[in-house]
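start-v9.cif follows (mmCIF, C-alpha atoms and all ligand atoms):
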```cif
data_final
loop_
_atom_site.group_PDB
_atom_site.id
_atom_site.type_symbol
_atom_site.label_atom_id
_atom_site.label_comp_id
_atom_site.auth_asym_id
_atom_site.auth_seq_id
_atom_site.Cartn_x
_atom_site.Cartn_y
_atom_site.Cartn_z
ATOM 1 C CA MET A 21 -20.843 -13.504 -38.152
ATOM 2 C CA GLN A 22 -18.999 -13.571 -41.481
ATOM 3 C CA LYS A 23 -18.123 -10.300 -43.118
ATOM 4 C CA SER A 24 -20.273 -11.258 -46.101
ATOM 5 C CA PHE A 25 -23.387 -11.103 -43.930
ATOM 6 C CA GLU A 26 -22.590 -7.505 -43.046
ATOM 7 C CA THR A 27 -22.616 -6.118 -46.582
ATOM 8 C CA ASN A 28 -25.828 -4.859 -48.123
ATOM 9 C CA SER A 29 -25.848 -7.052 -51.196
ATOM 10 C CA SER A 30 -28.083 -10.120 -51.095
ATOM 11 C CA LYS A 31 -26.342 -13.436 -51.063
ATOM 12 C CA LEU A 32 -26.481 -16.903 -52.479
ATOM 13 C CA PHE A 33 -24.654 -19.359 -50.225
ATOM 14 C CA ILE A 34 -23.513 -22.583 -51.893
ATOM 15 C CA VAL A 35 -23.704 -25.023 -49.013
ATOM 16 C CA SER A 36 -22.149 -28.486 -49.033
ATOM 17 C CA THR A 37 -24.102 -31.182 -47.212
ATOM 18 C CA PRO A 38 -23.053 -34.752 -46.285
ATOM 19 C CA ILE A 39 -22.582 -37.496 -48.910
ATOM 20 C CA GLY A 40 -24.003 -40.123 -46.579
ATOM 21 C CA ASN A 41 -22.950 -39.612 -43.003
ATOM 22 C CA LEU A 42 -25.112 -36.886 -41.446
ATOM 23 C CA SER A 43 -22.297 -35.936 -39.050
ATOM 24 C CA ASP A 44 -20.271 -34.569 -41.954
ATOM 25 C CA MET A 45 -22.234 -31.305 -41.799
ATOM 26 C CA THR A 46 -20.142 -28.275 -40.797
ATOM 27 C CA TYR A 47 -21.191 -25.900 -37.985
ATOM 28 C CA ARG A 48 -21.072 -23.066 -40.463
ATOM 29 C CA ALA A 49 -23.371 -24.886 -42.886
ATOM 30 C CA VAL A 50 -25.951 -25.325 -40.110
ATOM 31 C CA ASP A 51 -25.651 -21.628 -39.117
ATOM 32 C CA VAL A 52 -26.102 -20.435 -42.687
ATOM 33 C CA LEU A 53 -29.058 -22.724 -43.383
ATOM 34 C CA ARG A 54 -30.741 -21.369 -40.248
ATOM 35 C CA MET A 55 -30.072 -17.731 -41.121
ATOM 36 C CA VAL A 56 -31.010 -17.464 -44.789
ATOM 37 C CA ASP A 57 -34.558 -16.645 -45.894
ATOM 38 C CA VAL A 58 -34.917 -19.525 -48.335
ATOM 39 C CA ILE A 59 -33.120 -22.816 -48.950
ATOM 40 C CA LEU A 60 -33.099 -23.925 -52.589
ATOM 41 C CA ALA A 61 -33.105 -27.711 -52.439
ATOM 42 C CA GLU A 62 -32.782 -30.249 -55.225
ATOM 43 C CA ASP A 63 -35.291 -32.524 -53.496
ATOM 44 C CA THR A 64 -37.167 -30.935 -50.613
ATOM 45 C CA ARG A 65 -38.259 -34.290 -49.169
ATOM 46 C CA ASN A 66 -34.754 -35.665 -49.141
ATOM 47 C CA SER A 67 -33.267 -32.477 -47.655
ATOM 48 C CA GLY A 68 -36.102 -32.384 -45.128
ATOM 49 C CA VAL A 69 -34.426 -35.267 -43.312
ATOM 50 C CA LEU A 70 -31.186 -33.317 -42.977
ATOM 51 C CA LEU A 71 -32.943 -30.107 -41.878
ATOM 52 C CA LYS A 72 -34.988 -31.983 -39.292
ATOM 53 C CA HIS A 73 -31.856 -33.633 -37.905
ATOM 54 C CA TYR A 74 -30.259 -30.220 -37.363
ATOM 55 C CA HIS A 75 -33.464 -28.446 -36.241
ATOM 56 C CA ILE A 76 -33.358 -26.103 -39.202
ATOM 57 C CA GLU A 77 -36.773 -24.586 -39.871
ATOM 58 C CA THR A 78 -35.986 -22.364 -42.852
ATOM 59 C CA HIS A 79 -38.441 -22.433 -45.744
ATOM 60 C CA MET A 80 -37.370 -24.675 -48.637
ATOM 61 C CA MET A 81 -38.033 -24.140 -52.326
ATOM 62 C CA SER A 82 -37.352 -26.775 -54.954
ATOM 63 C CA TYR A 83 -34.573 -26.072 -57.411
ATOM 64 C CA HIS A 84 -33.546 -28.897 -59.694
ATOM 65 C CA GLU A 85 -32.459 -29.828 -63.189
ATOM 66 C CA PHE A 86 -35.988 -29.582 -64.602
ATOM 67 C CA ASN A 87 -37.205 -26.313 -63.065
ATOM 68 C CA LYS A 88 -33.959 -24.370 -62.788
ATOM 69 C CA ASN A 89 -34.677 -22.117 -65.774
ATOM 70 C CA GLU A 90 -38.183 -21.158 -64.748
ATOM 71 C CA LYS A 91 -37.061 -20.511 -61.131
ATOM 72 C CA GLU A 92 -34.182 -18.240 -62.044
ATOM 73 C CA ASN A 93 -36.113 -14.985 -62.540
ATOM 74 C CA MET A 94 -38.047 -15.424 -59.307
ATOM 75 C CA ILE A 95 -34.846 -16.071 -57.339
ATOM 76 C CA LEU A 96 -33.191 -13.000 -58.850
ATOM 77 C CA ARG A 97 -36.258 -10.891 -58.036
ATOM 78 C CA MET A 98 -36.246 -12.064 -54.430
ATOM 79 C CA LEU A 99 -32.506 -11.369 -54.128
ATOM 80 C CA GLU A 100 -33.282 -7.899 -55.461
ATOM 81 C CA GLU A 101 -35.822 -7.505 -52.633
ATOM 82 C CA GLY A 102 -33.083 -8.314 -50.110
ATOM 83 C CA LYS A 103 -33.688 -12.011 -49.480
ATOM 84 C CA ASN A 104 -30.723 -14.325 -48.887
ATOM 85 C CA PHE A 105 -30.639 -17.846 -50.310
ATOM 86 C CA ALA A 106 -28.752 -21.055 -49.670
ATOM 87 C CA LEU A 107 -28.425 -23.676 -52.373
ATOM 88 C CA ILE A 108 -28.091 -27.323 -51.395
ATOM 89 C CA SER A 109 -28.191 -30.509 -53.419
ATOM 90 C CA ASP A 110 -29.206 -34.028 -52.459
ATOM 91 C CA ALA A 111 -25.665 -34.767 -51.332
ATOM 92 C CA GLY A 112 -22.247 -33.154 -51.350
ATOM 93 C CA THR A 113 -21.410 -29.900 -53.055
ATOM 94 C CA PRO A 114 -23.974 -28.172 -55.301
ATOM 95 C CA GLY A 115 -22.791 -27.666 -58.875
ATOM 96 C CA ILE A 116 -20.559 -30.753 -58.772
ATOM 97 C CA SER A 117 -22.502 -33.075 -61.120
ATOM 98 C CA ASP A 118 -25.533 -31.398 -59.572
ATOM 99 C CA PRO A 119 -27.631 -28.294 -60.354
ATOM 100 C CA GLY A 120 -26.044 -24.987 -59.423
ATOM 101 C CA TYR A 121 -23.964 -23.576 -62.232
ATOM 102 C CA GLU A 122 -26.728 -21.558 -63.910
ATOM 103 C CA ILE A 123 -27.977 -19.796 -60.793
ATOM 104 C CA ILE A 124 -24.413 -19.147 -59.591
ATOM 105 C CA LYS A 125 -23.574 -17.526 -62.925
ATOM 106 C CA ALA A 126 -26.818 -15.523 -62.966
ATOM 107 C CA CYS A 127 -26.144 -14.199 -59.430
ATOM 108 C CA ILE A 128 -22.601 -13.197 -60.341
ATOM 109 C CA ASP A 129 -23.835 -11.473 -63.520
ATOM 110 C CA HIS A 130 -26.459 -9.535 -61.506
ATOM 111 C CA GLY A 131 -23.942 -8.430 -58.870
ATOM 112 C CA PHE A 132 -25.112 -10.600 -55.960
ATOM 113 C CA ASP A 133 -22.562 -12.199 -53.635
ATOM 114 C CA VAL A 134 -21.981 -15.908 -54.135
ATOM 115 C CA ILE A 135 -20.461 -17.430 -51.035
ATOM 116 C CA PRO A 136 -19.113 -20.976 -50.663
ATOM 117 C CA ILE A 137 -19.743 -22.993 -47.521
ATOM 118 C CA PRO A 138 -17.410 -25.905 -48.252
ATOM 119 C CA GLY A 139 -17.770 -29.438 -46.970
ATOM 120 C CA ALA A 140 -18.272 -32.939 -48.285
ATOM 121 C CA SER A 141 -17.886 -33.929 -51.913
ATOM 122 C CA ALA A 142 -17.336 -37.432 -53.231
ATOM 123 C CA ILE A 143 -14.539 -36.337 -55.597
ATOM 124 C CA LEU A 144 -11.966 -35.443 -52.979
ATOM 125 C CA ALA A 145 -12.899 -38.243 -50.572
ATOM 126 C CA ALA A 146 -12.386 -40.796 -53.374
ATOM 127 C CA LEU A 147 -9.231 -39.177 -54.701
ATOM 128 C CA ILE A 148 -7.372 -38.928 -51.391
ATOM 129 C CA THR A 149 -8.066 -42.555 -50.505
ATOM 130 C CA SER A 150 -7.309 -43.988 -53.952
ATOM 131 C CA GLY A 151 -3.581 -44.418 -53.392
ATOM 132 C CA LEU A 152 -3.074 -42.868 -56.827
ATOM 133 C CA VAL A 153 -1.191 -39.638 -57.469
ATOM 134 C CA ILE A 154 -3.409 -36.910 -56.038
ATOM 135 C CA GLN A 155 -2.426 -33.950 -58.137
ATOM 136 C CA PRO A 156 -2.733 -32.988 -60.820
ATOM 137 C CA PHE A 157 -6.112 -34.570 -61.368
ATOM 138 C CA THR A 158 -9.025 -34.045 -63.732
ATOM 139 C CA PHE A 159 -12.640 -34.454 -62.716
ATOM 140 C CA ILE A 160 -14.639 -35.831 -65.632
ATOM 141 C CA GLY A 161 -17.944 -36.283 -63.784
ATOM 142 C CA PHE A 162 -20.545 -38.657 -65.264
ATOM 143 C CA LEU A 163 -19.725 -40.138 -68.655
ATOM 144 C CA PRO A 164 -22.207 -39.547 -71.475
ATOM 145 C CA ARG A 165 -24.893 -42.271 -71.587
ATOM 146 C CA LYS A 166 -24.233 -43.142 -75.233
ATOM 147 C CA SER A 167 -21.268 -45.469 -75.295
ATOM 148 C CA SER A 168 -19.830 -44.032 -78.522
ATOM 149 C CA GLU A 169 -19.771 -40.595 -76.867
ATOM 150 C CA ALA A 170 -18.340 -41.986 -73.628
ATOM 151 C CA LYS A 171 -15.595 -43.765 -75.561
ATOM 152 C CA SER A 172 -14.609 -40.746 -77.538
ATOM 153 C CA LEU A 173 -14.528 -38.600 -74.398
ATOM 154 C CA LEU A 174 -12.325 -41.141 -72.605
ATOM 155 C CA ALA A 175 -10.080 -41.468 -75.645
ATOM 156 C CA SER A 176 -9.399 -37.740 -75.492
ATOM 157 C CA PHE A 177 -7.885 -38.348 -72.019
ATOM 158 C CA LYS A 178 -5.848 -41.393 -73.018
ATOM 159 C CA HIS A 179 -2.492 -39.648 -73.201
ATOM 160 C CA ARG A 180 -3.020 -37.371 -70.229
ATOM 161 C CA LYS A 181 -0.615 -37.821 -67.342
ATOM 162 C CA GLU A 182 -2.913 -36.748 -64.554
ATOM 163 C CA THR A 183 -5.227 -38.885 -62.423
ATOM 164 C CA LEU A 184 -8.825 -39.017 -63.706
ATOM 165 C CA VAL A 185 -11.969 -39.054 -61.566
ATOM 166 C CA ILE A 186 -15.331 -40.343 -62.832
ATOM 167 C CA TYR A 187 -18.754 -40.595 -61.191
ATOM 168 C CA GLU A 188 -20.557 -43.774 -62.118
ATOM 169 C CA SER A 189 -23.794 -45.550 -61.414
ATOM 170 C CA PRO A 190 -23.344 -49.087 -60.034
ATOM 171 C CA LEU A 191 -25.562 -50.412 -62.821
ATOM 172 C CA ARG A 192 -23.121 -49.311 -65.478
ATOM 173 C CA ILE A 193 -19.890 -50.092 -63.676
ATOM 174 C CA GLN A 194 -19.174 -53.378 -65.457
ATOM 175 C CA LYS A 195 -19.720 -51.864 -68.885
ATOM 176 C CA THR A 196 -17.650 -48.812 -67.975
ATOM 177 C CA ASN A 197 -14.786 -51.039 -66.817
ATOM 178 C CA GLN A 198 -14.705 -52.770 -70.197
ATOM 179 C CA MET A 199 -14.535 -49.410 -71.888
ATOM 180 C CA LEU A 200 -11.830 -48.138 -69.535
ATOM 181 C CA TYR A 201 -9.720 -51.242 -70.135
ATOM 182 C CA GLU A 202 -10.201 -51.005 -73.886
ATOM 183 C CA ILE A 203 -8.985 -47.408 -73.896
ATOM 184 C CA PHE A 204 -6.492 -47.184 -71.026
ATOM 185 C CA GLY A 205 -5.119 -50.751 -70.833
ATOM 186 C CA LYS A 206 -3.649 -52.107 -67.604
ATOM 187 C CA ARG A 207 -3.723 -48.988 -65.465
ATOM 188 C CA ASN A 208 -4.261 -48.917 -61.736
ATOM 189 C CA VAL A 209 -7.702 -47.914 -60.620
ATOM 190 C CA SER A 210 -9.614 -47.356 -57.412
ATOM 191 C CA TYR A 211 -13.354 -47.684 -56.798
ATOM 192 C CA ALA A 212 -14.736 -45.771 -53.830
ATOM 193 C CA ARG A 213 -18.126 -47.166 -52.911
ATOM 194 C CA GLU A 214 -20.616 -45.785 -50.397
ATOM 195 C CA LEU A 215 -18.154 -43.270 -48.935
ATOM 196 C CA THR A 216 -18.883 -42.208 -45.357
ATOM 197 C CA LYS A 217 -21.692 -44.806 -45.117
ATOM 198 C CA LYS A 218 -22.053 -48.157 -43.389
ATOM 199 C CA PHE A 219 -20.868 -50.195 -46.381
ATOM 200 C CA GLU A 220 -18.005 -47.921 -47.362
ATOM 201 C CA THR A 221 -15.522 -49.946 -49.430
ATOM 202 C CA ILE A 222 -12.493 -48.944 -51.434
ATOM 203 C CA TYR A 223 -11.346 -51.448 -54.060
ATOM 204 C CA ARG A 224 -7.879 -50.903 -55.505
ATOM 205 C CA MET A 225 -6.715 -52.991 -58.455
ATOM 206 C CA SER A 226 -5.678 -52.720 -62.099
ATOM 207 C CA LEU A 227 -8.138 -52.388 -64.967
ATOM 208 C CA ASP A 228 -7.319 -55.872 -66.335
ATOM 209 C CA GLU A 229 -8.336 -57.288 -62.933
ATOM 210 C CA ALA A 230 -11.379 -55.031 -62.720
ATOM 211 C CA ILE A 231 -12.975 -56.445 -65.863
ATOM 212 C CA HIS A 232 -13.124 -59.873 -64.155
ATOM 213 C CA GLU A 233 -14.350 -58.501 -60.828
ATOM 214 C CA THR A 234 -18.008 -58.492 -59.801
ATOM 215 C CA PHE A 235 -18.973 -55.172 -58.286
ATOM 216 C CA ASP A 236 -21.900 -54.804 -55.940
ATOM 217 C CA GLN A 237 -24.787 -53.294 -57.907
ATOM 218 C CA ARG A 238 -25.932 -51.330 -54.891
ATOM 219 C CA GLY A 239 -24.501 -48.062 -53.695
ATOM 220 C CA GLU A 240 -22.713 -45.126 -55.234
ATOM 221 C CA TYR A 241 -19.300 -45.256 -56.877
ATOM 222 C CA VAL A 242 -16.461 -42.956 -57.766
ATOM 223 C CA ILE A 243 -13.810 -44.366 -60.118
ATOM 224 C CA VAL A 244 -10.284 -42.969 -59.882
ATOM 225 C CA ILE A 245 -7.942 -43.911 -62.743
ATOM 226 C CA GLU A 246 -4.186 -43.598 -62.887
ATOM 227 C CA GLY A 247 -2.839 -41.150 -65.464
ATOM 228 C CA ASN A 248 -0.699 -42.220 -68.408
ATOM 229 C CA LYS A 249 2.696 -43.231 -67.017
ATOM 230 C CA GLU A 250 4.231 -44.546 -70.237
ATOM 231 C CA GLU A 251 6.687 -42.656 -72.322
ATOM 232 C CA GLU A 252 4.927 -42.281 -75.622
ATOM 233 C CA HIS A 253 6.266 -44.400 -78.423
ATOM 234 C CA PHE A 254 3.935 -44.992 -81.273
ATOM 235 C CA ASP A 255 4.114 -48.328 -82.985
ATOM 236 C CA ILE A 256 1.326 -47.469 -85.390
ATOM 237 C CA SER A 257 1.490 -45.240 -88.427
ATOM 238 C CA ILE A 258 0.052 -41.742 -88.364
ATOM 239 C CA VAL A 259 -2.727 -42.859 -90.719
ATOM 240 C CA ASP A 260 -3.740 -45.767 -88.441
ATOM 241 C CA HIS A 261 -3.508 -43.495 -85.424
ATOM 242 C CA ILE A 262 -5.967 -41.091 -87.069
ATOM 243 C CA LYS A 263 -8.233 -43.999 -88.036
ATOM 244 C CA GLN A 264 -8.299 -45.185 -84.422
ATOM 245 C CA TYR A 265 -9.797 -41.861 -83.384
ATOM 246 C CA ILE A 266 -12.237 -41.912 -86.312
ATOM 247 C CA ASP A 267 -13.382 -45.376 -85.162
ATOM 248 C CA LEU A 268 -14.044 -43.870 -81.742
ATOM 249 C CA GLY A 269 -16.434 -41.356 -83.284
ATOM 250 C CA TYR A 270 -14.281 -38.313 -84.064
ATOM 251 C CA ASP A 271 -14.500 -36.684 -87.457
ATOM 252 C CA GLU A 272 -11.370 -36.562 -89.610
ATOM 253 C CA LYS A 273 -10.403 -33.029 -88.594
ATOM 254 C CA GLU A 274 -10.761 -33.655 -84.878
ATOM 255 C CA ALA A 275 -8.887 -36.958 -85.207
ATOM 256 C CA MET A 276 -5.957 -35.205 -86.902
ATOM 257 C CA LYS A 277 -5.910 -32.559 -84.177
ATOM 258 C CA LEU A 278 -5.779 -35.229 -81.440
ATOM 259 C CA VAL A 279 -3.014 -37.151 -83.221
ATOM 260 C CA ALA A 280 -0.993 -33.944 -83.578
ATOM 261 C CA LYS A 281 -1.377 -33.391 -79.837
ATOM 262 C CA ASP A 282 -0.489 -36.991 -78.943
ATOM 263 C CA ARG A 283 2.610 -36.930 -81.106
ATOM 264 C CA LYS A 284 3.586 -33.374 -80.262
ATOM 265 C CA MET A 285 3.648 -32.557 -83.968
ATOM 266 C CA SER A 286 2.117 -29.636 -85.864
ATOM 267 C CA LYS A 287 -1.390 -30.066 -87.275
ATOM 268 C CA SER A 288 -0.127 -29.093 -90.738
ATOM 269 C CA ASP A 289 2.521 -31.861 -90.693
ATOM 270 C CA ILE A 290 -0.072 -34.427 -89.641
ATOM 271 C CA TYR A 291 -2.448 -33.208 -92.349
ATOM 272 C CA ARG A 292 0.285 -33.368 -95.010
ATOM 273 C CA ILE A 293 1.380 -36.903 -94.031
ATOM 274 C CA TYR A 294 -2.221 -38.095 -93.865
ATOM 275 C CA LYS A 295 -3.029 -36.771 -97.307
ATOM 276 C CA ILE A 296 0.079 -38.407 -98.821
ATOM 277 C CA GLU A 297 -0.121 -41.797 -97.084
ATOM 278 C CA GLN A 298 -3.839 -42.273 -96.747
HETATM 279 N N1 LIG B 1 -22.661 -33.153 -55.617
HETATM 280 C C1 LIG B 1 -22.154 -34.450 -55.271
HETATM 281 C C2 LIG B 1 -20.721 -34.311 -54.790
HETATM 282 O O1 LIG B 1 -20.318 -33.212 -54.427
HETATM 283 O O2 LIG B 1 -19.992 -35.312 -54.756
HETATM 284 C C3 LIG B 1 -22.286 -35.422 -56.417
HETATM 285 C C4 LIG B 1 -23.713 -35.636 -56.861
HETATM 286 S S1 LIG B 1 -23.868 -36.733 -58.208
HETATM 287 C C5 LIG B 1 -25.532 -36.512 -58.633
HETATM 288 C C6 LIG B 1 -23.949 -38.303 -57.449
HETATM 289 C C7 LIG B 1 -22.701 -39.143 -57.716
HETATM 290 O O3 LIG B 1 -21.673 -38.763 -56.810
HETATM 291 C C8 LIG B 1 -22.915 -40.639 -57.464
HETATM 292 O O4 LIG B 1 -23.431 -41.294 -58.604
HETATM 293 C C9 LIG B 1 -21.511 -41.101 -57.154
HETATM 294 O O5 LIG B 1 -20.760 -41.259 -58.333
HETATM 295 C C10 LIG B 1 -20.956 -39.892 -56.369
HETATM 296 N N2 LIG B 1 -21.217 -40.057 -54.929
HETATM 297 C C11 LIG B 1 -22.028 -39.303 -54.166
HETATM 298 N N3 LIG B 1 -22.015 -39.743 -52.888
HETATM 299 C C12 LIG B 1 -21.184 -40.802 -52.858
HETATM 300 C C13 LIG B 1 -20.755 -41.682 -51.842
HETATM 301 N N4 LIG B 1 -21.196 -41.569 -50.601
HETATM 302 N N5 LIG B 1 -19.871 -42.653 -52.160
HETATM 303 C C14 LIG B 1 -19.417 -42.787 -53.429
HETATM 304 N N6 LIG B 1 -19.791 -41.986 -54.430
HETATM 305 C C15 LIG B 1 -20.653 -41.001 -54.163
#
```
Go ahead and express the file in the form of structure tokens.
Ligand code: SAM
Amino acid sequence: MQKSFETNSSKLFIVSTPIGNLSDMTYRAVDVLRMVDVILAEDTRNSGVLLKHYHIETHMMSYHEFNKNEKENMILRMLEEGKNFALISDAGTPGISDPGYEIIKACIDHGFDVIPIPGASAILAALITSGLVIQPFTFIGFLPRKSSEAKSLLASFKHRKETLVIYESPLRIQKTNQMLYEIFGKRNVSYARELTKKFETIYRMSLDEAIHETFDQRGEYVIVIEGNKEEEHFDISIVDHIKQYIDLGYDEKEAMKLVAKDRKMSKSDIYRIYKIEQ
């Protein structure tokens, strides 16, 4: 067995599970889930299907967004007593737009081993099949629900060269496409739907086509967006550039900071010009 099992410290294994296709479980994931004392599962009923499929009989305990704080002390106490845990989420890799970060950090802070058992995650599956430049890339995760916040977050990535990856609900995809087009213009984009499942589909197009496309409202989506490929040339004044960011919800100071970054100028120069020309 792995060296980590032979040390005395208790362990938290972060175990990836399939994102749809049950066969995407690794042998090691099955071994670990059988060997630990407790499996922390986001939804015990949902994970029950997976455990049954692999004849895993380990006791499950619920660990999700709404009970993670109250469960933390008990988990730490049980680790102290020598119990080993595995954390799984409903699908894919725990901690990736899923609960996990807090307990991982708490275990590290208390000196327990945190061990990854890698496997499926929708990010990489979508990215490698997008046909867009694979690295560098930035994973944004889910956009904020409030559209003003989503817009200002996206705007902060507008001038970035790297590929961007977003998780999105099918119900919001149309609205998100409008927003993406408004901010990024005619970039190439890829939509990975229902990866590893029966209706797996990958749509590749440009954002100006996407806003006229009808996307199936069923299933799960990852959106992969091409990075900024244009050489920057600004045909708006510094003042209007700042105002654009203010219109997206940034305050004046943040807007000036972003404009300085976009234009590769110092913040003090931007501030000076803004105060004179405003
Ligand atoms: N922890 C998961 C992972 O590692 O990918 C992500 C969990 S997050 C709550 C769920 C989101 O992941 C979905 O809304 C969708 O954006 C994406 N996702 C998960 N499974 C997917 C699949 N089979 N096909 C496409 N997207 C998927």
Residue contacts of A:His179 (12 Å, all atoms listed in the file) excluding same-chain residues fewer than 3 positions away, as a PDB file with C-alpha atoms, in the frame of the given file:
```
ATOM      1  CA  LEU A 174     -12.325 -41.141 -72.605  1.00  0.00           C
ATOM      2  CA  ALA A 175     -10.080 -41.468 -75.645  1.00  0.00           C
ATOM      3  CA  SER A 176      -9.399 -37.740 -75.492  1.00  0.00           C
ATOM      4  CA  GLU A 182      -2.913 -36.748 -64.554  1.00  0.00           C
ATOM      5  CA  THR A 183      -5.227 -38.885 -62.423  1.00  0.00           C
ATOM      6  CA  LEU A 184      -8.825 -39.017 -63.706  1.00  0.00           C
ATOM      7  CA  ILE A 203      -8.985 -47.408 -73.896  1.00  0.00           C
ATOM      8  CA  PHE A 204      -6.492 -47.184 -71.026  1.00  0.00           C
ATOM      9  CA  GLY A 205      -5.119 -50.751 -70.833  1.00  0.00           C
ATOM     10  CA  GLU A 246      -4.186 -43.598 -62.887  1.00  0.00           C
ATOM     11  CA  GLY A 247      -2.839 -41.150 -65.464  1.00  0.00           C
ATOM     12  CA  ASN A 248      -0.699 -42.220 -68.408  1.00  0.00           C
ATOM     13  CA  LYS A 249       2.696 -43.231 -67.017  1.00  0.00           C
ATOM     14  CA  GLU A 250       4.231 -44.546 -70.237  1.00  0.00           C
ATOM     15  CA  GLU A 251       6.687 -42.656 -72.322  1.00  0.00           C
ATOM     16  CA  GLU A 252       4.927 -42.281 -75.622  1.00  0.00           C
ATOM     17  CA  HIS A 253       6.266 -44.400 -78.423  1.00  0.00           C
ATOM     18  CA  PHE A 254       3.935 -44.992 -81.273  1.00  0.00           C
ATOM     19  CA  LEU A 278      -5.779 -35.229 -81.440  1.00  0.00           C
ATOM     20  CA  VAL A 279      -3.014 -37.151 -83.221  1.00  0.00           C
ATOM     21  CA  ALA A 280      -0.993 -33.944 -83.578  1.00  0.00           C
ATOM     22  CA  LYS A 281      -1.377 -33.391 -79.837  1.00  0.00           C
ATOM     23  CA  ASP A 282      -0.489 -36.991 -78.943  1.00  0.00           C
ATOM     24  CA  ARG A 283       2.610 -36.930 -81.106  1.00  0.00           C
ATOM     25  CA  LYS A 284       3.586 -33.374 -80.262  1.00  0.00           C
TER      26      LYS A 284
END
```
For the contact check between chain A and ligand LIG 1 (chain B), emit one row per residue of chain A within 7 Å, containing the shortest atom pair and the distance in Å rounded to one decimal, counting all atoms listed in the file, chain then rising number order, as a Markdown table.
```
| residue | atom | partner | partner_atom | distance |
| --- | --- | --- | --- | --- |
| A:Ile39 | CA | B:LIG1 | N3 | 4.6 |
| A:Gly40 | CA | B:LIG1 | N4 | 5.1 |
| A:Ser109 | CA | B:LIG1 | N1 | 6.5 |
| A:Ala111 | CA | B:LIG1 | C1 | 5.3 |
| A:Gly112 | CA | B:LIG1 | O1 | 3.6 |
| A:Thr113 | CA | B:LIG1 | O1 | 3.7 |
| A:Pro114 | CA | B:LIG1 | N1 | 5.2 |
| A:Gly115 | CA | B:LIG1 | N1 | 6.4 |
| A:Ile116 | CA | B:LIG1 | N1 | 4.5 |
| A:Ser117 | CA | B:LIG1 | S1 | 4.9 |
| A:Asp118 | CA | B:LIG1 | N1 | 5.2 |
| A:Ala140 | CA | B:LIG1 | O1 | 6.5 |
| A:Ser141 | CA | B:LIG1 | O1 | 3.6 |
| A:Ala142 | CA | B:LIG1 | O2 | 3.7 |
| A:Ile143 | CA | B:LIG1 | O2 | 5.6 |
| A:Tyr187 | CA | B:LIG1 | O5 | 3.6 |
| A:Glu188 | CA | B:LIG1 | O5 | 4.5 |
| A:Ser189 | CA | B:LIG1 | O4 | 5.1 |
| A:Ala212 | CA | B:LIG1 | C14 | 5.6 |
| A:Arg213 | CA | B:LIG1 | C14 | 4.6 |
| A:Glu214 | CA | B:LIG1 | N5 | 3.7 |
| A:Leu215 | CA | B:LIG1 | N5 | 3.7 |
| A:Thr216 | CA | B:LIG1 | N4 | 5.8 |
| A:Lys217 | CA | B:LIG1 | N4 | 6.4 |
| A:Glu240 | CA | B:LIG1 | N6 | 4.4 |
| A:Tyr241 | CA | B:LIG1 | N6 | 4.1 |
| A:Val242 | CA | B:LIG1 | O5 | 4.7 |
```
Axis-aligned box for stretch 272-275 of chain A, 4 Å per side, centre and edges in Å as JSON:
```
{"center_x": -10.1, "center_y": -35.0, "center_z": -87.2, "size_x": 10.5, "size_y": 11.9, "size_z": 12.7}
```
Notebook entry, point to check: Do you know which residues the PyMOL selection byres (((chain A and resi 64-78) around 8) and not hetatm) returns on this file, as a ChimeraX atom specification?
Noted result: /A:42,50,53-59,61-63,79-82,109-110
Check: What gap, in Å, lies between atom CA of A:Asn104 and atom CA of A:Ile123?
Finding: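 So the two atoms, atom CA of A:Asn104 and atom CA of A:Ile123, lie 13.4 Å apart.
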Where does the PyMOL selection byres (((chain A and resi 138) around 10) and not hetatm) land in this file, that is, which residues does it pick, as a PDB file with C-alpha atoms, keeping the file's coordinate frame?
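Resulting contents of expr_6.pdb:
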```
ATOM      1  CA  PHE A  33     -24.654 -19.359 -50.225  1.00  0.00           C
ATOM      2  CA  ILE A  34     -23.513 -22.583 -51.893  1.00  0.00           C
ATOM      3  CA  VAL A  35     -23.704 -25.023 -49.013  1.00  0.00           C
ATOM      4  CA  SER A  36     -22.149 -28.486 -49.033  1.00  0.00           C
ATOM      5  CA  THR A  37     -24.102 -31.182 -47.212  1.00  0.00           C
ATOM      6  CA  MET A  45     -22.234 -31.305 -41.799  1.00  0.00           C
ATOM      7  CA  THR A  46     -20.142 -28.275 -40.797  1.00  0.00           C
ATOM      8  CA  ARG A  48     -21.072 -23.066 -40.463  1.00  0.00           C
ATOM      9  CA  ALA A  49     -23.371 -24.886 -42.886  1.00  0.00           C
ATOM     10  CA  GLY A 112     -22.247 -33.154 -51.350  1.00  0.00           C
ATOM     11  CA  THR A 113     -21.410 -29.900 -53.055  1.00  0.00           C
ATOM     12  CA  PRO A 114     -23.974 -28.172 -55.301  1.00  0.00           C
ATOM     13  CA  ILE A 135     -20.461 -17.430 -51.035  1.00  0.00           C
ATOM     14  CA  PRO A 136     -19.113 -20.976 -50.663  1.00  0.00           C
ATOM     15  CA  ILE A 137     -19.743 -22.993 -47.521  1.00  0.00           C
ATOM     16  CA  GLY A 139     -17.770 -29.438 -46.970  1.00  0.00           C
ATOM     17  CA  ALA A 140     -18.272 -32.939 -48.285  1.00  0.00           C
ATOM     18  CA  SER A 141     -17.886 -33.929 -51.913  1.00  0.00           C
TER      19      SER A 141
END
```
Margin query: My list of candidates is A:Leu147, A:Leu173, A:Ile231, A:Ile186. Which is closest to A:Tyr201 when distances are computed with all atoms listed in the file?
Written below: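 Looking only at the distances to A:Tyr201, the closest residue turns out to be A:Ile231.
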The residues within 7 Å of (-3.4, -45.0, -57.4), using all atoms listed in the file and the coordinates of the file, should be reported as a tab-separated table (two decimals) with C-alpha atoms, keeping the file's coordinate frame; which are they?
```tsv
chain	number	residue	atom	x	y	z
A	150	SER	CA	-7.31	-43.99	-53.95
A	151	GLY	CA	-3.58	-44.42	-53.39
A	152	LEU	CA	-3.07	-42.87	-56.83
A	153	VAL	CA	-1.19	-39.64	-57.47
A	208	ASN	CA	-4.26	-48.92	-61.74
A	209	VAL	CA	-7.70	-47.91	-60.62
A	210	SER	CA	-9.61	-47.36	-57.41
A	246	GLU	CA	-4.19	-43.60	-62.89
```
